[in-house]
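Q: Input structure: entry-v6.cif, which contains mmCIF, C-alpha atoms and all ligand atoms.
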```cif
data_my_file
#
loop_
_atom_site.label_atom_id
_atom_site.label_comp_id
_atom_site.auth_asym_id
_atom_site.auth_seq_id
_atom_site.Cartn_x
_atom_site.Cartn_y
_atom_site.Cartn_z
CA MET L 86 43.00 162.12 70.56
CA ASN L 87 44.50 161.96 67.06
CA ILE L 88 47.46 159.82 65.96
CA GLU L 89 49.99 162.63 66.45
CA GLU L 90 48.78 163.31 69.99
CA LEU L 91 48.83 159.61 70.80
CA LYS L 92 52.33 159.30 69.40
CA SER L 93 53.58 162.26 71.43
CA LYS L 94 51.90 160.93 74.57
CA PHE L 95 53.62 157.60 74.05
CA LEU L 96 57.01 159.22 73.42
CA ASN L 97 56.63 161.45 76.47
CA ALA L 98 55.56 158.68 78.82
CA ASP L 99 57.83 157.89 81.73
CA ARG L 100 60.10 154.99 81.02
CA ILE L 101 63.05 153.08 82.39
CA ILE L 102 65.49 151.07 80.33
CA SER L 103 68.12 148.65 81.60
CA VAL L 104 71.26 147.72 79.73
CA LEU L 105 74.15 145.27 80.00
CA ASP L 106 77.74 146.09 79.05
CA LYS L 107 78.67 144.05 75.94
CA LYS L 108 81.76 142.82 77.84
CA GLY L 109 79.60 141.90 80.86
CA LYS L 110 81.47 144.11 83.34
CA PHE L 111 78.73 146.63 84.14
CA ARG L 112 74.98 147.00 84.16
CA ALA L 113 73.04 150.26 84.09
CA SER L 114 69.56 151.74 83.99
CA ILE L 115 68.25 155.15 83.00
CA VAL L 116 64.85 156.51 83.94
CA LYS L 117 62.80 159.46 82.77
CA ASN L 118 60.11 159.99 85.41
CA SER L 119 58.93 163.60 85.14
CA HIS L 120 55.22 162.67 85.17
CA THR L 121 55.69 160.22 88.03
CA ILE L 122 57.36 162.88 90.17
CA SER L 123 54.72 165.46 89.22
CA THR L 124 52.05 163.03 90.37
CA ALA L 125 53.84 162.35 93.67
CA ILE L 126 54.18 166.08 94.38
CA GLU L 127 50.55 166.68 93.50
CA LYS L 128 49.25 163.79 95.62
CA HIS L 129 51.23 164.73 98.71
CA ASN L 130 51.10 168.47 98.09
CA THR L 131 54.71 168.75 99.23
CA ASP L 132 56.62 172.02 99.47
CA LYS L 133 59.64 172.50 97.22
CA PHE L 134 62.15 171.19 99.76
CA SER L 135 60.22 167.97 100.41
CA SER L 136 59.39 167.54 96.72
CA PHE L 137 63.08 167.63 95.89
CA TYR L 138 64.03 164.93 98.38
CA LEU L 139 61.01 162.72 97.79
CA ALA L 140 61.65 162.87 94.04
CA LYS L 141 65.25 161.74 94.39
CA TYR L 142 64.29 158.78 96.57
CA LEU L 143 61.49 157.73 94.24
CA THR L 144 63.90 157.94 91.30
CA SER L 145 66.48 155.89 93.21
CA ALA L 146 63.89 153.26 94.11
CA SER L 147 62.87 152.89 90.46
CA LEU L 148 66.48 152.60 89.35
CA ILE L 149 67.44 150.01 91.97
CA SER L 150 64.25 148.02 91.38
CA SER L 151 65.11 147.72 87.69
CA PHE L 152 67.73 145.11 88.65
CA LEU L 153 65.05 142.87 90.18
CA LYS L 154 62.43 140.65 88.51
CA GLY L 155 58.67 140.98 87.85
CA GLU L 156 56.82 141.89 91.03
CA GLU L 157 59.82 141.72 93.36
CA ARG L 158 60.09 144.92 95.38
CA ILE L 159 62.61 147.38 96.74
CA ILE L 160 61.96 149.63 99.75
CA LEU L 161 64.14 152.59 100.68
CA ASP L 162 63.46 153.86 104.16
CA ILE L 163 65.02 156.74 106.06
CA THR L 164 64.34 157.26 109.75
CA SER L 165 65.87 160.41 111.16
CA ASP L 166 65.42 163.08 113.81
CA GLY L 167 66.76 165.87 111.60
CA LEU L 168 64.84 168.26 109.38
CA ILE L 169 63.90 165.20 107.33
CA GLN L 170 62.24 162.67 109.64
CA LYS L 171 61.06 159.94 107.33
CA VAL L 172 61.37 159.06 103.67
CA TYR L 173 59.81 155.94 102.23
CA ALA L 174 60.05 154.89 98.61
CA GLU L 175 58.93 151.57 97.21
CA ALA L 176 59.29 150.36 93.62
CA MET L 177 58.80 147.29 91.48
CA PRO L 178 60.56 146.40 88.24
CA ILE L 179 57.18 146.32 86.49
CA GLY L 180 57.31 150.11 86.82
CA GLU L 181 55.19 150.93 89.88
CA VAL L 182 56.61 153.35 92.42
CA ARG L 183 55.10 155.04 95.48
CA GLY L 184 56.32 156.83 98.58
CA PHE L 185 56.12 159.72 101.01
CA ILE L 186 58.24 162.10 103.04
CA LYS L 187 57.79 163.61 106.51
CA THR L 188 59.71 166.65 107.63
CA SER L 189 60.03 168.32 111.02
CA ASP L 190 57.58 171.12 111.87
CA ASP L 191 60.68 173.25 111.99
CA LEU L 192 60.85 173.06 108.20
CA HIS L 193 61.49 176.75 107.72
CA ASN L 194 64.51 176.60 109.93
CA LYS L 195 66.81 175.22 107.23
CA GLU L 196 69.71 175.99 109.54
CA ILE L 197 69.27 172.51 111.00
CA VAL L 198 72.25 170.60 109.68
CA PRO L 199 72.46 167.78 108.84
CA TYR L 200 69.01 167.37 107.31
CA ILE L 201 69.21 163.68 108.07
CA ASN L 202 70.38 162.37 111.41
CA GLY L 203 69.60 158.70 111.38
CA PHE L 204 69.57 155.54 109.34
CA PHE L 205 68.97 154.37 105.79
CA LYS L 206 67.46 150.95 105.32
CA LEU L 207 67.13 149.11 102.02
CA SER L 208 64.88 146.04 101.84
CA LYS L 209 64.43 143.69 98.92
CA ILE L 210 61.40 141.44 98.71
CA LEU L 211 62.53 138.64 96.42
CA TYR L 212 60.74 135.64 94.90
CA ASP L 213 63.22 133.08 96.19
CA LYS L 214 63.54 134.45 99.74
CA GLY L 215 60.89 133.98 102.43
CA GLU L 216 61.99 137.06 104.36
CA PRO L 217 62.95 140.51 103.04
CA VAL L 218 66.69 140.95 102.53
CA THR L 219 67.59 144.07 104.49
CA GLY L 220 70.68 146.20 105.00
CA ILE L 221 71.06 149.30 107.18
CA ILE L 222 73.66 152.07 107.23
CA GLU L 223 74.07 155.20 109.27
CA VAL L 224 73.49 158.25 107.08
CA LYS L 225 76.63 160.38 106.76
CA SER L 226 75.54 162.78 104.00
CA ASP L 227 72.40 164.66 103.01
CA LEU L 228 72.98 163.86 99.35
CA VAL L 229 70.73 161.06 98.15
CA GLU L 230 73.38 159.99 95.63
CA ASP L 231 75.98 159.60 98.41
CA ILE L 232 73.61 157.60 100.60
CA ILE L 233 72.75 155.10 97.86
CA GLU L 234 76.38 154.68 96.80
CA ASP L 235 77.53 154.33 100.41
CA TYR L 236 74.87 151.69 101.04
CA PHE L 237 75.90 149.52 98.09
CA ILE L 238 79.62 149.67 98.82
CA SER L 239 79.40 149.17 102.59
CA SER L 240 76.44 146.80 102.73
CA GLU L 241 76.72 144.80 99.51
CA GLN L 242 80.34 145.51 98.47
CA ILE L 243 79.15 146.46 94.97
CA PRO L 244 80.60 149.65 93.45
CA THR L 245 77.49 151.57 92.37
CA PHE L 246 77.15 155.08 90.99
CA VAL L 247 74.03 157.17 90.61
CA LYS L 248 73.20 160.43 88.94
CA LEU L 249 69.88 162.00 89.89
CA ASP L 250 68.69 165.22 88.30
CA LEU L 251 65.62 167.26 88.90
CA LEU L 252 64.23 170.62 87.86
CA ILE L 253 61.10 171.95 89.54
CA ASP L 254 59.82 175.44 88.88
CA GLU L 255 58.56 177.63 91.73
CA GLU L 256 54.89 176.79 91.07
CA LYS L 257 55.73 173.08 90.95
CA ASN L 258 53.99 172.93 87.56
CA THR L 259 56.91 171.83 85.45
CA VAL L 260 59.03 168.95 86.54
CA HIS L 261 61.90 167.42 84.62
CA SER L 262 63.28 164.41 86.39
CA GLY L 263 65.54 161.51 85.60
CA GLY L 264 68.33 159.35 86.86
CA ILE L 265 71.01 156.84 85.96
CA ILE L 266 72.45 153.98 87.99
CA VAL L 267 75.59 152.07 87.01
CA GLN L 268 76.72 149.01 88.89
CA SER L 269 79.92 147.05 88.42
CA LEU L 270 79.76 143.30 87.93
CA PRO L 271 82.43 140.76 88.89
CA GLY L 272 85.30 141.13 86.40
CA ALA L 273 85.42 144.93 86.25
CA SER L 274 88.87 146.22 87.22
CA GLY L 275 89.47 149.07 89.68
CA LYS L 276 90.65 151.25 86.80
CA GLU L 277 87.51 150.55 84.74
CA ILE L 278 85.29 151.27 87.74
CA THR L 279 87.00 154.64 88.30
CA GLU L 280 86.62 155.53 84.61
CA VAL L 281 82.91 154.68 84.66
CA LYS L 282 82.42 156.73 87.82
CA ASN L 283 84.31 159.78 86.50
CA LYS L 284 82.43 159.81 83.21
CA LEU L 285 79.04 159.65 84.95
CA LYS L 286 79.88 162.21 87.63
CA ASN L 287 81.54 164.74 85.33
CA SER L 288 78.83 164.76 82.69
CA GLU L 289 76.28 167.51 82.28
CA SER L 290 72.89 167.61 83.99
CA LEU L 291 70.38 165.01 82.91
CA ALA L 292 67.11 166.81 83.58
CA ASN L 293 67.11 169.12 80.57
CA LYS L 294 68.41 166.45 78.28
CA ILE L 295 65.69 164.07 79.32
CA ASN L 296 63.11 166.71 78.50
CA MET L 297 64.52 167.56 75.07
CA GLN L 298 65.55 164.17 73.74
CA LYS L 299 63.26 161.17 73.62
CA ASP L 300 65.62 158.26 73.12
CA LEU L 301 66.78 157.12 76.56
CA ALA L 302 69.40 154.68 75.19
CA GLU L 303 70.96 157.50 73.22
CA ILE L 304 71.05 159.73 76.29
CA LEU L 305 72.55 156.94 78.38
CA SER L 306 75.35 156.38 75.88
CA SER L 307 76.62 159.90 76.51
CA TYR L 308 77.01 159.18 80.22
CA ILE L 309 78.79 155.84 80.13
CA ILE L 310 81.92 154.55 78.44
CA PHE L 311 80.91 151.01 77.46
CA ASP L 312 78.86 149.59 74.58
CA PHE L 313 75.69 147.95 75.73
CA ASP L 314 72.67 145.84 74.83
CA ILE L 315 69.23 146.92 76.00
CA ILE L 316 67.77 144.13 78.10
CA LYS L 317 64.58 145.72 79.43
CA SER L 318 62.29 148.67 78.77
CA LYS L 319 59.30 149.46 81.02
CA ARG L 320 56.79 152.23 81.59
CA VAL L 321 57.04 153.94 84.99
CA ASP L 322 54.12 155.31 87.00
CA PHE L 323 53.35 156.57 90.49
CA PHE L 324 51.01 153.82 91.54
CA CYS L 325 49.62 152.67 94.87
CA ARG L 326 47.73 149.42 95.37
CA CYS L 327 45.57 150.80 98.18
CA SER L 328 41.77 150.67 97.98
CA LYS L 329 38.82 151.26 100.27
CA ASN L 330 38.33 147.48 100.46
CA ASN L 331 41.93 146.89 101.56
CA PHE L 332 41.45 149.39 104.36
CA ILE L 333 38.16 147.80 105.40
CA ASN L 334 39.85 144.39 105.55
CA LYS L 335 42.47 145.83 107.90
CA LEU L 336 39.72 147.21 110.18
CA TYR L 337 38.64 143.63 110.89
CA THR L 338 41.87 143.17 112.85
CA LEU L 339 40.79 145.86 115.35
CA PRO L 340 38.62 145.14 118.42
CA LEU L 341 34.87 145.52 117.86
CA GLU L 342 34.67 148.26 120.54
CA GLU L 343 37.12 150.35 118.57
CA ILE L 344 35.06 150.10 115.38
CA GLU L 345 31.95 151.05 117.35
CA SER L 346 33.63 154.07 118.84
CA MET L 347 34.93 155.11 115.41
CA LYS L 348 31.35 154.95 114.18
CA ASN L 349 29.95 156.89 117.13
CA GLU L 350 32.58 159.61 116.90
CA ASN L 351 32.23 159.75 113.13
CA GLN L 352 35.89 158.93 112.55
CA ASN L 353 35.20 157.81 109.02
CA GLU L 354 38.23 159.04 107.14
CA LEU L 355 40.93 156.59 106.05
CA VAL L 356 44.12 158.04 104.59
CA CYS L 357 46.79 156.08 102.74
CA GLN L 358 50.18 157.36 103.89
CA PHE L 359 51.86 156.08 100.72
CA CYS L 360 49.78 158.01 98.19
CA ASN L 361 47.66 160.33 100.37
CA SER L 362 44.38 158.96 98.97
CA HIS L 363 41.39 159.63 101.22
CA TYR L 364 38.62 157.07 101.67
CA TYR L 365 35.41 157.60 103.62
CA LEU L 366 33.28 155.04 105.45
CA ASP L 367 29.54 155.61 105.47
CA SER L 368 27.17 154.20 108.09
CA GLU L 369 26.40 151.28 105.81
CA ASP L 370 30.12 150.35 105.74
CA PHE L 371 30.26 150.55 109.53
CA ASN L 372 27.13 148.46 109.98
CA LYS L 373 28.48 145.80 107.64
CA ILE L 374 31.78 145.56 109.50
CA ILE L 375 30.14 145.52 112.94
CA LEU L 376 27.61 142.89 111.88
CA ALA L 377 30.31 140.66 110.44
CA MET L 378 32.46 141.03 113.55
CA LYS L 379 29.55 140.17 115.82
CA ALA L 380 28.69 137.15 113.67
CA ARG L 381 32.30 135.97 113.97
CA LYS L 382 32.17 136.27 117.77
CA ASN L 383 29.14 133.99 118.05
ZN ZN L 401 47.71 154.45 98.58
#
```
Output the file's structure in the form of structure tokens.
Ligand SMILES: [Zn+2]
A:
Amino acid sequence: MNIEELKSKFLNADRIISVLDKKGKFRASIVKNSHTISTAIEKHNTDKFSSFYLAKYLTSASLISSFLKGEERIILDITSDGLIQKVYAEAMPIGEVRGFIKTSDDLHNKEIVPYINGFFKLSKILYDKGEPVTGIIEVKSDLVEDIIEDYFISSEQIPTFVKLDLLIDEEKNTVHSGGIIVQSLPGASGKEITEVKNKLKNSESLANKINMQKDLAEILSSYIIFDFDIIKSKRVDFFCRCSKNNFINKLYTLPLEEIESMKNENQNELVCQFCNSHYYLDSEDFNKIILAMKARKN
């Protein structure tokens, strides 16, 4: 790779930046995550419908996580008995995001309305809290933007506005994806909050812009009405911390008989639901686990 290619790779990398209003009344983040979304679609081999919804939740998770610290985590979780049955998106402010979607087998019957009939749960895993901080709302809209905004106002009483944009071509080869979140801080007046909301909601689509222009701060400034300081800039990636070893460690929690029957029936495939990675146990792996379990019993 020559310098020009390296430079272009760096400029095209997925990134999220967070900013603070110079008057301290709002905070905001903007993410470009086209590669991340491409990777998610490729890993899960989702159809266009599922790709669209999964992408918007992954983008939302990245945006919300940008307000946390270090390796704190945010989990967005939808459980529903509609066309969409499950969406899970998890992100960390260091830039990692992962997730999956499950739809009903009736996927081609898009007549099922609403798509989501169920609940949205948001959990935060924070450094200074022993237990996850969790809020749940009943989903009243299929729009991801509405769900996130509804959650923050009804569960945390924080006016929050999101703009999520996505372009996927029919072959799912080209993806342009990005999003913006703006959150009011104590001190913002009702009038200012409405102005911020209207500006964000009435502005043009973000997806094309994010593809054409490289400077995220510059893009952000055309969607919000306040002057800001950049407080954080991070790379974003679809990343899962699963590994064959992690799976093997979990197998130790099962009864020995179950491991033996897995071995005998050649059930050797382990699949990570978060990233769809496949791991395979060979007979040596099985023998090692069984031997260790037997040793523990004695
Ligand atoms: Zn995984």
Q: Compile the contact shell of Asn130 in chain L as a ChimeraX atom specification: residues with an atom at most 12 Å away, counting all atoms listed in the file, same-chain residues fewer than 4 positions apart removed.
A: /L:122-126,134-136,139,185-187,256-258,360-362
Q: Take the residues from that selection and write them out as a CSV table (one decimal), in the coordinates of the input, keeping C-alpha atoms.
A:
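Contents of the output file again-v5.csv:
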```csv
chain,number,residue,atom,x,y,z
L,122,ILE,CA,57.4,162.9,90.2
L,123,SER,CA,54.7,165.5,89.2
L,124,THR,CA,52.0,163.0,90.4
L,125,ALA,CA,53.8,162.4,93.7
L,126,ILE,CA,54.2,166.1,94.4
L,134,PHE,CA,62.2,171.2,99.8
L,135,SER,CA,60.2,168.0,100.4
L,136,SER,CA,59.4,167.5,96.7
L,139,LEU,CA,61.0,162.7,97.8
L,185,PHE,CA,56.1,159.7,101.0
L,186,ILE,CA,58.2,162.1,103.0
L,187,LYS,CA,57.8,163.6,106.5
L,256,GLU,CA,54.9,176.8,91.1
L,257,LYS,CA,55.7,173.1,91.0
L,258,ASN,CA,54.0,172.9,87.6
L,360,CYS,CA,49.8,158.0,98.2
L,361,ASN,CA,47.7,160.3,100.4
L,362,SER,CA,44.4,159.0,99.0
```
Q: Compare L:Glu175, L:Asp227, L:Glu255, L:Glu345 by their minimum atom-to-atom distance to ligand ZN 401 (chain L), counting all atoms listed in the file, and give me the closest one.
A: L:Glu175
Q: For ligand ZN 401 (chain L), collect every residue having any atom at a distance of at most 6 Å from a ligand atom (counting all atoms listed in the file); output as a list in words.
A: Cys325, Arg326, Cys327, Cys357, Phe359, Cys360 and Ser362 of chain L
Q: Could you produce a table of the residues of range 100-171 of chain L lying within 7 Å of range 203-207 of chain L, with the nearest pair of atoms per residue and their separation in Å rounded to one decimal, using only C-alpha atoms, ordered by chain and increasing residue number, as JSON lines?
A:
```
{"residue": "L:Ile160", "atom": "CA", "partner": "L:Leu207", "partner_atom": "CA", "distance": 5.7}
{"residue": "L:Leu161", "atom": "CA", "partner": "L:Leu207", "partner_atom": "CA", "distance": 4.8}
{"residue": "L:Asp162", "atom": "CA", "partner": "L:Lys206", "partner_atom": "CA", "distance": 5.1}
{"residue": "L:Ile163", "atom": "CA", "partner": "L:Phe205", "partner_atom": "CA", "distance": 4.6}
{"residue": "L:Thr164", "atom": "CA", "partner": "L:Phe204", "partner_atom": "CA", "distance": 5.5}
{"residue": "L:Ser165", "atom": "CA", "partner": "L:Gly203", "partner_atom": "CA", "distance": 4.1}
{"residue": "L:Asp166", "atom": "CA", "partner": "L:Gly203", "partner_atom": "CA", "distance": 6.5}
```
Q: Store the residues picked out above in a file with C-alpha atoms, as a CSV table (one decimal), keeping the file's coordinate frame.
A:
```
chain,number,residue,atom,x,y,z
L,160,ILE,CA,62.0,149.6,99.8
L,161,LEU,CA,64.1,152.6,100.7
L,162,ASP,CA,63.5,153.9,104.2
L,163,ILE,CA,65.0,156.7,106.1
L,164,THR,CA,64.3,157.3,109.8
L,165,SER,CA,65.9,160.4,111.2
L,166,ASP,CA,65.4,163.1,113.8
```
Q: Using only C-alpha atoms, can you tell me which of L:Tyr236, L:Phe313, L:Tyr173, L:Tyr142 comes closest to Ser114 in chain L?
A: L:Phe313
Q: In terms of the shortest atom-to-atom distance over only C-alpha atoms, which of L:Ile310, L:Ile315, L:Ile304, L:Ile159 is closest to Thr219 in chain L?
A: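 Between L:Ile310, L:Ile315, L:Ile304, L:Ile159, the residue approaching Thr219 in chain L most closely is L:Ile159.
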Q: For Lys335 in chain L, work out the shell of residues within 12 Å, counting all atoms listed in the file and skipping chain neighbours fewer than 5 positions away, then give it as an NGL selection string.
A: :L and (327-330 or 340 or 344 or 355 or 374)
Q: Wanna dump the range 98-129 of chain L-range 246-250 of chain L contacts at 10 Å for me, each residue with its shortest atom pair and the distance in Å to one decimal, counting only C-alpha atoms, ordered by chain and number, as a Markdown table?
A:
```
| residue | atom | partner | partner_atom | distance |
| --- | --- | --- | --- | --- |
| L:Ala113 | CA | L:Phe246 | CA | 9.4 |
| L:Ser114 | CA | L:Val247 | CA | 9.7 |
| L:Ile115 | CA | L:Lys248 | CA | 9.4 |
| L:Val116 | CA | L:Leu249 | CA | 9.5 |
| L:Lys117 | CA | L:Asp250 | CA | 9.9 |
```
Q: Will you model N, CA and C atoms for range 323-358 of chain L and pass it back as a PDB file, in the frame of the given file?
A:
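The resulting file, selection-v3.pdb, is reproduced below:
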```pdb
ATOM      1  N   PHE L 323      53.632 156.530  89.053  1.00  0.00           N
ATOM      2  CA  PHE L 323      53.350 156.570  90.490  1.00  0.00           C
ATOM      3  C   PHE L 323      52.073 155.769  90.671  1.00  0.00           C
ATOM      4  N   PHE L 324      52.165 154.698  91.415  1.00  0.00           N
ATOM      5  CA  PHE L 324      51.010 153.820  91.540  1.00  0.00           C
ATOM      6  C   PHE L 324      50.965 153.218  92.931  1.00  0.00           C
ATOM      7  N   CYS L 325      49.778 153.270  93.543  1.00  0.00           N
ATOM      8  CA  CYS L 325      49.620 152.670  94.870  1.00  0.00           C
ATOM      9  C   CYS L 325      48.512 151.626  94.775  1.00  0.00           C
ATOM     10  N   ARG L 326      48.721 150.499  95.439  1.00  0.00           N
ATOM     11  CA  ARG L 326      47.730 149.420  95.370  1.00  0.00           C
ATOM     12  C   ARG L 326      46.659 149.532  96.446  1.00  0.00           C
ATOM     13  N   CYS L 327      46.578 150.667  97.126  1.00  0.00           N
ATOM     14  CA  CYS L 327      45.570 150.800  98.180  1.00  0.00           C
ATOM     15  C   CYS L 327      44.168 150.884  97.579  1.00  0.00           C
ATOM     16  N   SER L 328      43.161 150.532  98.390  1.00  0.00           N
ATOM     17  CA  SER L 328      41.770 150.670  97.980  1.00  0.00           C
ATOM     18  C   SER L 328      40.941 150.716  99.244  1.00  0.00           C
ATOM     19  N   LYS L 329      39.704 151.192  99.108  1.00  0.00           N
ATOM     20  CA  LYS L 329      38.820 151.260 100.270  1.00  0.00           C
ATOM     21  C   LYS L 329      38.640 149.852 100.854  1.00  0.00           C
ATOM     22  N   ASN L 330      38.520 148.858  99.984  1.00  0.00           N
ATOM     23  CA  ASN L 330      38.330 147.480 100.460  1.00  0.00           C
ATOM     24  C   ASN L 330      39.516 146.963 101.264  1.00  0.00           C
ATOM     25  N   ASN L 331      40.733 147.297 100.805  1.00  0.00           N
ATOM     26  CA  ASN L 331      41.930 146.890 101.560  1.00  0.00           C
ATOM     27  C   ASN L 331      41.909 147.469 102.964  1.00  0.00           C
ATOM     28  N   PHE L 332      41.518 148.755 103.043  1.00  0.00           N
ATOM     29  CA  PHE L 332      41.450 149.390 104.360  1.00  0.00           C
ATOM     30  C   PHE L 332      40.397 148.718 105.232  1.00  0.00           C
ATOM     31  N   ILE L 333      39.247 148.439 104.632  1.00  0.00           N
ATOM     32  CA  ILE L 333      38.160 147.800 105.400  1.00  0.00           C
ATOM     33  C   ILE L 333      38.628 146.443 105.926  1.00  0.00           C
ATOM     34  N   ASN L 334      39.337 145.687 105.091  1.00  0.00           N
ATOM     35  CA  ASN L 334      39.850 144.390 105.550  1.00  0.00           C
ATOM     36  C   ASN L 334      40.771 144.527 106.748  1.00  0.00           C
ATOM     37  N   LYS L 335      41.562 145.606 106.762  1.00  0.00           N
ATOM     38  CA  LYS L 335      42.470 145.830 107.900  1.00  0.00           C
ATOM     39  C   LYS L 335      41.683 146.170 109.162  1.00  0.00           C
ATOM     40  N   LEU L 336      40.523 146.831 109.003  1.00  0.00           N
ATOM     41  CA  LEU L 336      39.720 147.210 110.180  1.00  0.00           C
ATOM     42  C   LEU L 336      39.243 145.977 110.945  1.00  0.00           C
ATOM     43  N   TYR L 337      39.093 144.855 110.229  1.00  0.00           N
ATOM     44  CA  TYR L 337      38.640 143.630 110.890  1.00  0.00           C
ATOM     45  C   TYR L 337      39.627 143.122 111.937  1.00  0.00           C
ATOM     46  N   THR L 338      40.875 143.613 111.866  1.00  0.00           N
ATOM     47  CA  THR L 338      41.870 143.170 112.850  1.00  0.00           C
ATOM     48  C   THR L 338      41.768 143.978 114.148  1.00  0.00           C
ATOM     49  N   LEU L 339      40.957 145.042 114.134  1.00  0.00           N
ATOM     50  CA  LEU L 339      40.790 145.860 115.350  1.00  0.00           C
ATOM     51  C   LEU L 339      39.692 145.270 116.232  1.00  0.00           C
ATOM     52  N   PRO L 340      39.704 145.610 117.553  1.00  0.00           N
ATOM     53  CA  PRO L 340      38.620 145.140 118.420  1.00  0.00           C
ATOM     54  C   PRO L 340      37.281 145.788 118.013  1.00  0.00           C
ATOM     55  N   LEU L 341      36.210 145.042 118.211  1.00  0.00           N
ATOM     56  CA  LEU L 341      34.870 145.520 117.860  1.00  0.00           C
ATOM     57  C   LEU L 341      34.547 146.871 118.516  1.00  0.00           C
ATOM     58  N   GLU L 342      34.961 147.012 119.798  1.00  0.00           N
ATOM     59  CA  GLU L 342      34.670 148.260 120.540  1.00  0.00           C
ATOM     60  C   GLU L 342      35.276 149.462 119.818  1.00  0.00           C
ATOM     61  N   GLU L 343      36.452 149.247 119.244  1.00  0.00           N
ATOM     62  CA  GLU L 343      37.120 150.350 118.570  1.00  0.00           C
ATOM     63  C   GLU L 343      36.353 150.783 117.313  1.00  0.00           C
ATOM     64  N   ILE L 344      35.845 149.796 116.590  1.00  0.00           N
ATOM     65  CA  ILE L 344      35.060 150.100 115.380  1.00  0.00           C
ATOM     66  C   ILE L 344      33.789 150.856 115.795  1.00  0.00           C
ATOM     67  N   GLU L 345      33.177 150.391 116.889  1.00  0.00           N
ATOM     68  CA  GLU L 345      31.950 151.050 117.350  1.00  0.00           C
ATOM     69  C   GLU L 345      32.222 152.494 117.765  1.00  0.00           C
ATOM     70  N   SER L 346      33.357 152.696 118.425  1.00  0.00           N
ATOM     71  CA  SER L 346      33.630 154.070 118.840  1.00  0.00           C
ATOM     72  C   SER L 346      33.995 154.945 117.645  1.00  0.00           C
ATOM     73  N   MET L 347      34.648 154.352 116.641  1.00  0.00           N
ATOM     74  CA  MET L 347      34.930 155.110 115.410  1.00  0.00           C
ATOM     75  C   MET L 347      33.620 155.574 114.778  1.00  0.00           C
ATOM     76  N   LYS L 348      32.647 154.644 114.788  1.00  0.00           N
ATOM     77  CA  LYS L 348      31.350 154.950 114.180  1.00  0.00           C
ATOM     78  C   LYS L 348      30.650 156.063 114.966  1.00  0.00           C
ATOM     79  N   ASN L 349      30.647 155.910 116.296  1.00  0.00           N
ATOM     80  CA  ASN L 349      29.950 156.890 117.130  1.00  0.00           C
ATOM     81  C   ASN L 349      30.570 158.273 117.061  1.00  0.00           C
ATOM     82  N   GLU L 350      31.903 158.300 116.931  1.00  0.00           N
ATOM     83  CA  GLU L 350      32.580 159.610 116.900  1.00  0.00           C
ATOM     84  C   GLU L 350      32.761 160.104 115.465  1.00  0.00           C
ATOM     85  N   ASN L 351      32.156 159.392 114.551  1.00  0.00           N
ATOM     86  CA  ASN L 351      32.230 159.750 113.130  1.00  0.00           C
ATOM     87  C   ASN L 351      33.660 159.883 112.604  1.00  0.00           C
ATOM     88  N   GLN L 352      34.521 158.982 113.100  1.00  0.00           N
ATOM     89  CA  GLN L 352      35.890 158.930 112.550  1.00  0.00           C
ATOM     90  C   GLN L 352      35.839 158.054 111.319  1.00  0.00           C
ATOM     91  N   ASN L 353      35.466 158.642 110.201  1.00  0.00           N
ATOM     92  CA  ASN L 353      35.200 157.810 109.020  1.00  0.00           C
ATOM     93  C   ASN L 353      36.195 158.013 107.897  1.00  0.00           C
ATOM     94  N   GLU L 354      37.278 158.744 108.206  1.00  0.00           N
ATOM     95  CA  GLU L 354      38.230 159.040 107.140  1.00  0.00           C
ATOM     96  C   GLU L 354      39.439 158.110 107.225  1.00  0.00           C
ATOM     97  N   LEU L 355      39.764 157.455 106.106  1.00  0.00           N
ATOM     98  CA  LEU L 355      40.930 156.590 106.050  1.00  0.00           C
ATOM     99  C   LEU L 355      41.902 157.200 105.044  1.00  0.00           C
ATOM    100  N   VAL L 356      43.146 157.399 105.470  1.00  0.00           N
ATOM    101  CA  VAL L 356      44.120 158.040 104.590  1.00  0.00           C
ATOM    102  C   VAL L 356      45.295 157.101 104.341  1.00  0.00           C
ATOM    103  N   CYS L 357      45.635 156.916 103.081  1.00  0.00           N
ATOM    104  CA  CYS L 357      46.790 156.080 102.740  1.00  0.00           C
ATOM    105  C   CYS L 357      48.046 156.938 102.850  1.00  0.00           C
ATOM    106  N   GLN L 358      48.978 156.535 103.717  1.00  0.00           N
ATOM    107  CA  GLN L 358      50.180 157.360 103.890  1.00  0.00           C
ATOM    108  C   GLN L 358      51.077 157.304 102.655  1.00  0.00           C
TER     109      GLN L 358
END
```
